[in-house]
Every structure is written in C-alpha cells, then in structure tokens.
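Novice: Next comes run-v7.pdb, PDB, C-alpha atoms and all ligand atoms:
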ATOM      1  CA  MET A   1       0.000   0.000   0.000
ATOM      2  CA  VAL A   2       3.068   2.211  -0.001
ATOM      3  CA  ASP A   3       2.592   2.970  -3.659
ATOM      4  CA  ARG A   4      -0.962   4.071  -3.277
ATOM      5  CA  LYS A   5       0.011   6.305  -0.387
ATOM      6  CA  ASN A   6       2.764   7.915  -2.451
ATOM      7  CA  LYS A   7       0.416   8.426  -5.313
ATOM      8  CA  GLN A   8      -2.082  10.001  -2.961
ATOM      9  CA  SER A   9       0.429  12.418  -1.478
ATOM     10  CA  ARG A  10       1.724  13.324  -4.935
ATOM     11  CA  LYS A  11      -1.820  14.149  -5.951
ATOM     12  CA  GLU A  12      -2.267  16.194  -2.793
ATOM     13  CA  ALA A  13       0.957  18.046  -3.484
ATOM     14  CA  LEU A  14      -0.201  18.758  -7.023
ATOM     15  CA  ASP A  15      -3.599  19.936  -5.817
ATOM     16  CA  ARG A  16      -1.917  22.194  -3.281
ATOM     17  CA  TRP A  17       0.373  23.584  -5.969
ATOM     18  CA  LYS A  18      -2.573  24.238  -8.281
ATOM     19  CA  ALA A  19      -4.474  25.947  -5.460
ATOM     20  CA  ASP A  20      -1.404  28.089  -4.704
ATOM     21  CA  GLN A  21      -1.053  29.042  -8.362
ATOM     22  CA  ARG A  22      -4.704  30.002  -8.407
ATOM     23  CA  THR A  23      -4.405  32.071  -5.237
ATOM     24  CA  THR A  24      -1.413  33.890  -6.709
ATOM     25  CA  ALA A  25      -3.229  34.431 -10.008
ATOM     26  CA  ARG A  26      -6.327  35.664  -8.193
ATOM     27  CA  ALA A  27      -4.314  38.132  -6.145
ATOM     28  CA  LYS A  28      -2.984  39.625  -9.386
ATOM     29  CA  LEU A  29      -6.381  40.258 -10.930
ATOM     30  CA  PRO A  30      -6.615  44.023 -11.539
ATOM     31  CA  LEU A  31     -10.396  44.341 -11.167
ATOM     32  CA  THR A  32     -13.271  42.649  -9.389
ATOM     33  CA  ASP A  33     -14.818  39.617 -11.069
ATOM     34  CA  GLU A  34     -17.881  41.739 -11.849
ATOM     35  CA  HIS A  35     -15.804  44.337 -13.662
ATOM     36  CA  LEU A  36     -13.776  41.718 -15.526
ATOM     37  CA  GLN A  37     -16.990  40.010 -16.579
ATOM     38  CA  SER A  38     -18.375  43.340 -17.867
ATOM     39  CA  MET A  39     -15.134  44.121 -19.669
ATOM     40  CA  PHE A  40     -15.032  40.788 -21.515
ATOM     41  CA  ASP A  41     -18.771  41.021 -22.258
ATOM     42  CA  MET A  42     -18.176  44.467 -23.746
ATOM     43  CA  LEU A  43     -15.350  43.101 -25.945
ATOM     44  CA  ASP A  44     -17.545  40.183 -26.983
ATOM     45  CA  GLU A  45     -20.117  42.665 -28.288
ATOM     46  CA  ALA A  46     -17.916  45.490 -29.519
ATOM     47  CA  LEU A  47     -15.258  43.482 -31.366
ATOM     48  CA  PRO A  48     -17.536  42.028 -34.071
ATOM     49  CA  GLN A  49     -18.966  45.533 -34.656
ATOM     50  CA  ARG A  50     -15.854  47.686 -34.497
ATOM     51  CA  GLY A  51     -13.058  45.187 -35.080
ATOM     52  CA  CYS A  52      -9.604  45.063 -33.546
ATOM     53  CA  ASP A  53      -7.109  47.752 -34.567
ATOM     54  CA  HIS A  54      -4.246  45.836 -32.929
ATOM     55  CA  THR A  55      -4.304  48.006 -29.843
ATOM     56  CA  LEU A  56      -6.320  47.883 -26.638
ATOM     57  CA  ARG A  57      -8.507  50.728 -27.949
ATOM     58  CA  LEU A  58     -11.895  49.303 -26.934
ATOM     59  CA  THR A  59     -10.600  48.096 -23.566
ATOM     60  CA  THR A  60      -8.988  51.462 -22.791
ATOM     61  CA  GLU A  61     -12.131  53.364 -23.803
ATOM     62  CA  TRP A  62     -14.202  51.155 -21.528
ATOM     63  CA  LEU A  63     -11.784  51.638 -18.621
ATOM     64  CA  VAL A  64     -11.941  55.423 -19.039
ATOM     65  CA  LEU A  65     -15.745  55.380 -19.175
ATOM     66  CA  ASN A  66     -15.891  53.275 -16.032
ATOM     67  CA  ASN A  67     -13.243  55.245 -14.171
ATOM     68  CA  LEU A  68     -11.025  52.185 -13.714
ATOM     69  CA  PRO A  69      -7.210  51.986 -13.440
ATOM     70  CA  ILE A  70      -6.005  51.755 -17.056
ATOM     71  CA  GLU A  71      -2.340  51.030 -16.392
ATOM     72  CA  LEU A  72      -3.054  48.279 -13.885
ATOM     73  CA  VAL A  73      -5.453  46.518 -16.228
ATOM     74  CA  VAL A  74      -3.286  46.965 -19.328
ATOM     75  CA  ASN A  75      -0.249  45.563 -17.495
ATOM     76  CA  TRP A  76      -2.259  42.562 -16.394
ATOM     77  CA  LEU A  77      -3.575  42.028 -19.935
ATOM     78  CA  HIS A  78      -0.016  42.174 -21.295
ATOM     79  CA  GLU A  79       1.142  39.612 -18.730
ATOM     80  CA  ASN A  80      -1.650  37.332 -19.889
ATOM     81  CA  GLY A  81      -1.165  37.551 -23.637
ATOM     82  CA  GLY A  82      -3.600  40.401 -24.289
ATOM     83  CA  TYR A  83      -1.728  42.924 -26.436
ATOM     84  CA  CYS A  84      -4.820  44.039 -28.344
ATOM     85  CA  ASP A  85      -8.590  43.834 -27.860
ATOM     86  CA  CYS A  86      -9.061  40.486 -29.609
ATOM     87  CA  GLU A  87      -6.113  38.936 -27.753
ATOM     88  CA  ALA A  88      -7.485  40.259 -24.478
ATOM     89  CA  LEU A  89     -10.706  38.412 -25.218
ATOM     90  CA  ALA A  90      -8.968  35.266 -26.502
ATOM     91  CA  ASN A  91      -6.108  34.957 -23.984
ATOM     92  CA  SER A  92      -6.679  37.111 -20.945
ATOM     93  CA  GLU A  93     -10.253  36.000 -20.409
ATOM     94  CA  GLN A  94      -8.954  32.438 -20.181
ATOM     95  CA  ALA A  95      -6.333  33.545 -17.629
ATOM     96  CA  TRP A  96      -9.108  35.087 -15.558
ATOM     97  CA  HIS A  97     -11.155  31.875 -15.748
ATOM     98  CA  ASP A  98      -8.090  29.859 -14.689
ATOM     99  CA  ALA A  99      -7.510  32.196 -11.741
ATOM    100  CA  THR A 100     -11.072  31.843 -10.554
ATOM    101  CA  GLY A 101     -11.018  28.061 -10.876
ATOM    102  CA  GLY A 102     -13.368  27.921 -13.819
ATOM    103  CA  VAL A 103     -16.407  29.058 -11.867
ATOM    104  CA  ASN A 104     -17.080  31.889 -14.278
TER     105      ASN A 104
HETATM  106 ZN    ZN A 201      -6.306  42.039 -32.097
END
Translate this structure into structure tokens?
Specialist:
Amino acid sequence: MVDRKNKQSRKEALDRWKADQRTTARAKLPLTDEHLQSMFDMLDEALPQRGCDHTLRLTTEWLVLNNLPIELVVNWLHENGGYCDCEALANSEQAWHDATGGVN
C-alpha cells in the first residue's frame, strides 16, 4: 500500500500547488470579477462591430468610461497575452477563468 500512499500524497501536493497558483493568479487580478466580466462582455459585443485595430482601444475606452485603473489593467492584460482587444478576449479571459477556478 506504499505505492498508493505515495500516489495520494503526490496528488495532494499537485492539488496544493494548483491551489497556490490560483491564489497567486487571483491576487494579481486588476479588477473585481464583476468588472472583468463586464469588460469581456463588452469586448464580446464590440469586437464584431468595431473590429480590432491591434491596440487595446476598446478596452482602454471602456476603462476610461468606467473610471477604472487603465495602467493596472493593461499591465495585467499584457502579462496574460492580451496585447490588443481580440487577444485580451482570446487569452486574458482564459487567464481570468483559470484564476477563478473555472467558476465563471
Ligand atoms: Zn487584435
């Protein structure tokens, strides 16, 4: 039964590591879940209509309108593969979902 025990503790260690990663990722989120949800919803709607101009134009506009910290959010988007509006939606939204444990 030694093997099973080892396997169990390896799984526990992995689960702990994943939980730690998630906690770290969560702590780095620049906005509340509600705001992030609204931001990605906005991109979902605005991108098909206005298109991506290879900048974070739509995201920045939305942040200004909502009086939110542009630099903080843009830095976070960059760290998570979002260098323009469509990448923010494609890559950074996934990073947010990963950080929240897929509950969103
Ligand atoms: Zn783009």
Novice: Counting all atoms listed in the file, note down every residue that has an atom within 9 Å of the point (-9.6, 39.9, -26.9) (file coordinates), as a PDB file with C-alpha atoms, keeping the file's coordinate frame.
Specialist:
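The result, stored in point.pdb:
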ATOM      1  CA  PHE A  40     -15.032  40.788 -21.515  1.00  0.00           C
ATOM      2  CA  LEU A  43     -15.350  43.101 -25.945  1.00  0.00           C
ATOM      3  CA  ASP A  44     -17.545  40.183 -26.983  1.00  0.00           C
ATOM      4  CA  LEU A  47     -15.258  43.482 -31.366  1.00  0.00           C
ATOM      5  CA  CYS A  52      -9.604  45.063 -33.546  1.00  0.00           C
ATOM      6  CA  LEU A  56      -6.320  47.883 -26.638  1.00  0.00           C
ATOM      7  CA  THR A  59     -10.600  48.096 -23.566  1.00  0.00           C
ATOM      8  CA  GLY A  82      -3.600  40.401 -24.289  1.00  0.00           C
ATOM      9  CA  TYR A  83      -1.728  42.924 -26.436  1.00  0.00           C
ATOM     10  CA  CYS A  84      -4.820  44.039 -28.344  1.00  0.00           C
ATOM     11  CA  ASP A  85      -8.590  43.834 -27.860  1.00  0.00           C
ATOM     12  CA  CYS A  86      -9.061  40.486 -29.609  1.00  0.00           C
ATOM     13  CA  GLU A  87      -6.113  38.936 -27.753  1.00  0.00           C
ATOM     14  CA  ALA A  88      -7.485  40.259 -24.478  1.00  0.00           C
ATOM     15  CA  LEU A  89     -10.706  38.412 -25.218  1.00  0.00           C
ATOM     16  CA  ALA A  90      -8.968  35.266 -26.502  1.00  0.00           C
ATOM     17  CA  ASN A  91      -6.108  34.957 -23.984  1.00  0.00           C
ATOM     18  CA  SER A  92      -6.679  37.111 -20.945  1.00  0.00           C
ATOM     19  CA  GLU A  93     -10.253  36.000 -20.409  1.00  0.00           C
TER      20      GLU A  93
END
Novice: Between atom CA of Asp98 of chain A and atom CA of Gly81 of chain A, what is the distance, to one decimal in Å?
Specialist: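 A separation of 13.7 Å between them.
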Novice: Just give me the gap between atom CA of Glu71 of chain A and atom CA of Leu31 of chain A in Å, one decimal is fine.
Specialist: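 Interatomic distance, atom CA of Glu71 of chain A to atom CA of Leu31 of chain A: 11.7 Å.
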Novice: For Leu68 of chain A, work out the shell of residues within 12 Å, counting all atoms listed in the file and skipping chain neighbours fewer than 6 positions away, then give it as a PDB file with C-alpha atoms, keeping the file's coordinate frame.
Specialist:
ATOM      1  CA  PRO A  30      -6.615  44.023 -11.539  1.00  0.00           C
ATOM      2  CA  LEU A  31     -10.396  44.341 -11.167  1.00  0.00           C
ATOM      3  CA  THR A  32     -13.271  42.649  -9.389  1.00  0.00           C
ATOM      4  CA  HIS A  35     -15.804  44.337 -13.662  1.00  0.00           C
ATOM      5  CA  LEU A  36     -13.776  41.718 -15.526  1.00  0.00           C
ATOM      6  CA  MET A  39     -15.134  44.121 -19.669  1.00  0.00           C
ATOM      7  CA  THR A  59     -10.600  48.096 -23.566  1.00  0.00           C
ATOM      8  CA  THR A  60      -8.988  51.462 -22.791  1.00  0.00           C
ATOM      9  CA  GLU A  61     -12.131  53.364 -23.803  1.00  0.00           C
ATOM     10  CA  TRP A  62     -14.202  51.155 -21.528  1.00  0.00           C
ATOM     11  CA  VAL A  74      -3.286  46.965 -19.328  1.00  0.00           C
TER      12      VAL A  74
END
Novice: Identify, on the basis of all atoms listed in the file, every residue whose closest approach to segment 21-29 of chain A does not exceed 9 Å; exclude the query and any residue fewer than 4 positions from it along the same chain; express the result as a list in words.
Specialist: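 In the requested format, the answer is Arg16, Trp17, Asp33, Leu36, Val73, Trp76, Ala95, Trp96, Asp98, Ala99, Thr100 and Gly101 of chain A.
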Novice: Using all atoms listed in the file, which of A:Lys18, A:Lys5, A:Arg10, A:His54 sits nearest ligand ZN 201 (chain A)?
Specialist: A:His54
Novice: Would you please work out which residue, of A:Glu34, A:Ala19, A:Asp53, A:Ala13, is nearest to ligand ZN 201 (chain A) when using only C-alpha atoms and all ligand atoms?
Specialist: A:Asp53
Novice: Could you check which of A:Glu79, A:Thr55, A:His97, A:Leu72 is closest to ligand ZN 201 (chain A), using all atoms listed in the file?
Specialist: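 Under the stated criterion, the closest residue is A:Thr55.
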Novice: Give me, please, the distance in Å between atom CA of Leu58 of chain A and atom CA of Ala46 of chain A, quoted to one decimal.
Specialist: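 Going from atom CA of Leu58 of chain A over to atom CA of Ala46 of chain A, I get 7.6 Å.
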Novice: Nearest to ligand ZN 201 (chain A): which of A:Gln94, A:Gln8, A:Arg50, A:Gln37 is it, counting only C-alpha atoms and all ligand atoms?
Specialist: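 Looking at the shortest contact to ligand ZN 201 (chain A), the residue is A:Arg50.
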Novice: Add whatever atoms are absent from segment 4-36 of chain A to reach N, CA and C atoms, and provide the output as a PDB file, keeping the file's coordinate frame.
Specialist:
ATOM      1  N   ARG A   4       0.267   3.294  -3.231  1.00  0.00           N
ATOM      2  CA  ARG A   4      -0.962   4.071  -3.277  1.00  0.00           C
ATOM      3  C   ARG A   4      -0.825   5.337  -2.421  1.00  0.00           C
ATOM      4  N   LYS A   5      -0.166   5.161  -1.281  1.00  0.00           N
ATOM      5  CA  LYS A   5       0.011   6.305  -0.387  1.00  0.00           C
ATOM      6  C   LYS A   5       0.848   7.400  -1.068  1.00  0.00           C
ATOM      7  N   ASN A   6       1.926   6.950  -1.739  1.00  0.00           N
ATOM      8  CA  ASN A   6       2.764   7.915  -2.451  1.00  0.00           C
ATOM      9  C   ASN A   6       1.980   8.634  -3.538  1.00  0.00           C
ATOM     10  N   LYS A   7       1.203   7.849  -4.242  1.00  0.00           N
ATOM     11  CA  LYS A   7       0.416   8.426  -5.313  1.00  0.00           C
ATOM     12  C   LYS A   7      -0.547   9.465  -4.746  1.00  0.00           C
ATOM     13  N   GLN A   8      -1.146   9.102  -3.618  1.00  0.00           N
ATOM     14  CA  GLN A   8      -2.082  10.001  -2.961  1.00  0.00           C
ATOM     15  C   GLN A   8      -1.403  11.303  -2.562  1.00  0.00           C
ATOM     16  N   SER A   9      -0.221  11.195  -1.948  1.00  0.00           N
ATOM     17  CA  SER A   9       0.429  12.418  -1.478  1.00  0.00           C
ATOM     18  C   SER A   9       0.954  13.243  -2.651  1.00  0.00           C
ATOM     19  N   ARG A  10       1.333  12.554  -3.745  1.00  0.00           N
ATOM     20  CA  ARG A  10       1.724  13.324  -4.935  1.00  0.00           C
ATOM     21  C   ARG A  10       0.531  14.109  -5.467  1.00  0.00           C
ATOM     22  N   LYS A  11      -0.620  13.473  -5.465  1.00  0.00           N
ATOM     23  CA  LYS A  11      -1.820  14.149  -5.951  1.00  0.00           C
ATOM     24  C   LYS A  11      -2.148  15.333  -5.044  1.00  0.00           C
ATOM     25  N   GLU A  12      -1.997  15.102  -3.736  1.00  0.00           N
ATOM     26  CA  GLU A  12      -2.267  16.194  -2.793  1.00  0.00           C
ATOM     27  C   GLU A  12      -1.313  17.355  -3.006  1.00  0.00           C
ATOM     28  N   ALA A  13      -0.038  17.000  -3.245  1.00  0.00           N
ATOM     29  CA  ALA A  13       0.957  18.046  -3.484  1.00  0.00           C
ATOM     30  C   ALA A  13       0.603  18.822  -4.748  1.00  0.00           C
ATOM     31  N   LEU A  14       0.175  18.117  -5.763  1.00  0.00           N
ATOM     32  CA  LEU A  14      -0.201  18.758  -7.023  1.00  0.00           C
ATOM     33  C   LEU A  14      -1.421  19.650  -6.836  1.00  0.00           C
ATOM     34  N   ASP A  15      -2.402  19.142  -6.087  1.00  0.00           N
ATOM     35  CA  ASP A  15      -3.599  19.936  -5.817  1.00  0.00           C
ATOM     36  C   ASP A  15      -3.248  21.198  -5.048  1.00  0.00           C
ATOM     37  N   ARG A  16      -2.334  21.038  -4.068  1.00  0.00           N
ATOM     38  CA  ARG A  16      -1.917  22.194  -3.281  1.00  0.00           C
ATOM     39  C   ARG A  16      -1.233  23.216  -4.168  1.00  0.00           C
ATOM     40  N   TRP A  17      -0.352  22.704  -5.058  1.00  0.00           N
ATOM     41  CA  TRP A  17       0.373  23.584  -5.969  1.00  0.00           C
ATOM     42  C   TRP A  17      -0.604  24.336  -6.871  1.00  0.00           C
ATOM     43  N   LYS A  18      -1.572  23.601  -7.408  1.00  0.00           N
ATOM     44  CA  LYS A  18      -2.573  24.238  -8.281  1.00  0.00           C
ATOM     45  C   LYS A  18      -3.360  25.305  -7.520  1.00  0.00           C
ATOM     46  N   ALA A  19      -3.717  24.987  -6.277  1.00  0.00           N
ATOM     47  CA  ALA A  19      -4.474  25.947  -5.460  1.00  0.00           C
ATOM     48  C   ALA A  19      -3.625  27.188  -5.188  1.00  0.00           C
ATOM     49  N   ASP A  20      -2.322  26.967  -4.929  1.00  0.00           N
ATOM     50  CA  ASP A  20      -1.404  28.089  -4.704  1.00  0.00           C
ATOM     51  C   ASP A  20      -1.310  28.972  -5.941  1.00  0.00           C
ATOM     52  N   GLN A  21      -1.153  28.307  -7.098  1.00  0.00           N
ATOM     53  CA  GLN A  21      -1.053  29.042  -8.362  1.00  0.00           C
ATOM     54  C   GLN A  21      -2.293  29.903  -8.560  1.00  0.00           C
ATOM     55  N   ARG A  22      -3.429  29.316  -8.233  1.00  0.00           N
ATOM     56  CA  ARG A  22      -4.704  30.002  -8.407  1.00  0.00           C
ATOM     57  C   ARG A  22      -4.804  31.202  -7.459  1.00  0.00           C
ATOM     58  N   THR A  23      -4.383  30.982  -6.213  1.00  0.00           N
ATOM     59  CA  THR A  23      -4.405  32.071  -5.237  1.00  0.00           C
ATOM     60  C   THR A  23      -3.524  33.224  -5.709  1.00  0.00           C
ATOM     61  N   THR A  24      -2.331  32.874  -6.200  1.00  0.00           N
ATOM     62  CA  THR A  24      -1.413  33.890  -6.709  1.00  0.00           C
ATOM     63  C   THR A  24      -2.034  34.610  -7.893  1.00  0.00           C
ATOM     64  N   ALA A  25      -2.613  33.841  -8.819  1.00  0.00           N
ATOM     65  CA  ALA A  25      -3.229  34.431 -10.008  1.00  0.00           C
ATOM     66  C   ALA A  25      -4.402  35.318  -9.622  1.00  0.00           C
ATOM     67  N   ARG A  26      -5.181  34.869  -8.652  1.00  0.00           N
ATOM     68  CA  ARG A  26      -6.327  35.664  -8.193  1.00  0.00           C
ATOM     69  C   ARG A  26      -5.886  36.992  -7.599  1.00  0.00           C
ATOM     70  N   ALA A  27      -4.804  36.918  -6.804  1.00  0.00           N
ATOM     71  CA  ALA A  27      -4.314  38.132  -6.145  1.00  0.00           C
ATOM     72  C   ALA A  27      -3.854  39.168  -7.160  1.00  0.00           C
ATOM     73  N   LYS A  28      -3.484  38.708  -8.353  1.00  0.00           N
ATOM     74  CA  LYS A  28      -2.984  39.625  -9.386  1.00  0.00           C
ATOM     75  C   LYS A  28      -4.096  40.227 -10.239  1.00  0.00           C
ATOM     76  N   LEU A  29      -5.296  39.728 -10.095  1.00  0.00           N
ATOM     77  CA  LEU A  29      -6.381  40.258 -10.930  1.00  0.00           C
ATOM     78  C   LEU A  29      -6.552  41.754 -10.656  1.00  0.00           C
ATOM     79  N   PRO A  30      -6.625  42.561 -11.713  1.00  0.00           N
ATOM     80  CA  PRO A  30      -6.615  44.023 -11.539  1.00  0.00           C
ATOM     81  C   PRO A  30      -7.986  44.601 -11.190  1.00  0.00           C
ATOM     82  N   LEU A  31      -9.045  43.840 -11.398  1.00  0.00           N
ATOM     83  CA  LEU A  31     -10.396  44.341 -11.167  1.00  0.00           C
ATOM     84  C   LEU A  31     -11.205  43.274 -10.443  1.00  0.00           C
ATOM     85  N   THR A  32     -12.375  43.648  -9.974  1.00  0.00           N
ATOM     86  CA  THR A  32     -13.271  42.649  -9.389  1.00  0.00           C
ATOM     87  C   THR A  32     -13.772  41.718 -10.496  1.00  0.00           C
ATOM     88  N   ASP A  33     -14.263  40.554 -10.095  1.00  0.00           N
ATOM     89  CA  ASP A  33     -14.818  39.617 -11.069  1.00  0.00           C
ATOM     90  C   ASP A  33     -15.953  40.251 -11.865  1.00  0.00           C
ATOM     91  N   GLU A  34     -16.755  41.081 -11.184  1.00  0.00           N
ATOM     92  CA  GLU A  34     -17.881  41.739 -11.849  1.00  0.00           C
ATOM     93  C   GLU A  34     -17.388  42.660 -12.969  1.00  0.00           C
ATOM     94  N   HIS A  35     -16.353  43.437 -12.653  1.00  0.00           N
ATOM     95  CA  HIS A  35     -15.804  44.337 -13.662  1.00  0.00           C
ATOM     96  C   HIS A  35     -15.154  43.572 -14.813  1.00  0.00           C
ATOM     97  N   LEU A  36     -14.421  42.509 -14.468  1.00  0.00           N
ATOM     98  CA  LEU A  36     -13.776  41.718 -15.526  1.00  0.00           C
ATOM     99  C   LEU A  36     -14.835  41.091 -16.429  1.00  0.00           C
TER     100      LEU A  36
END
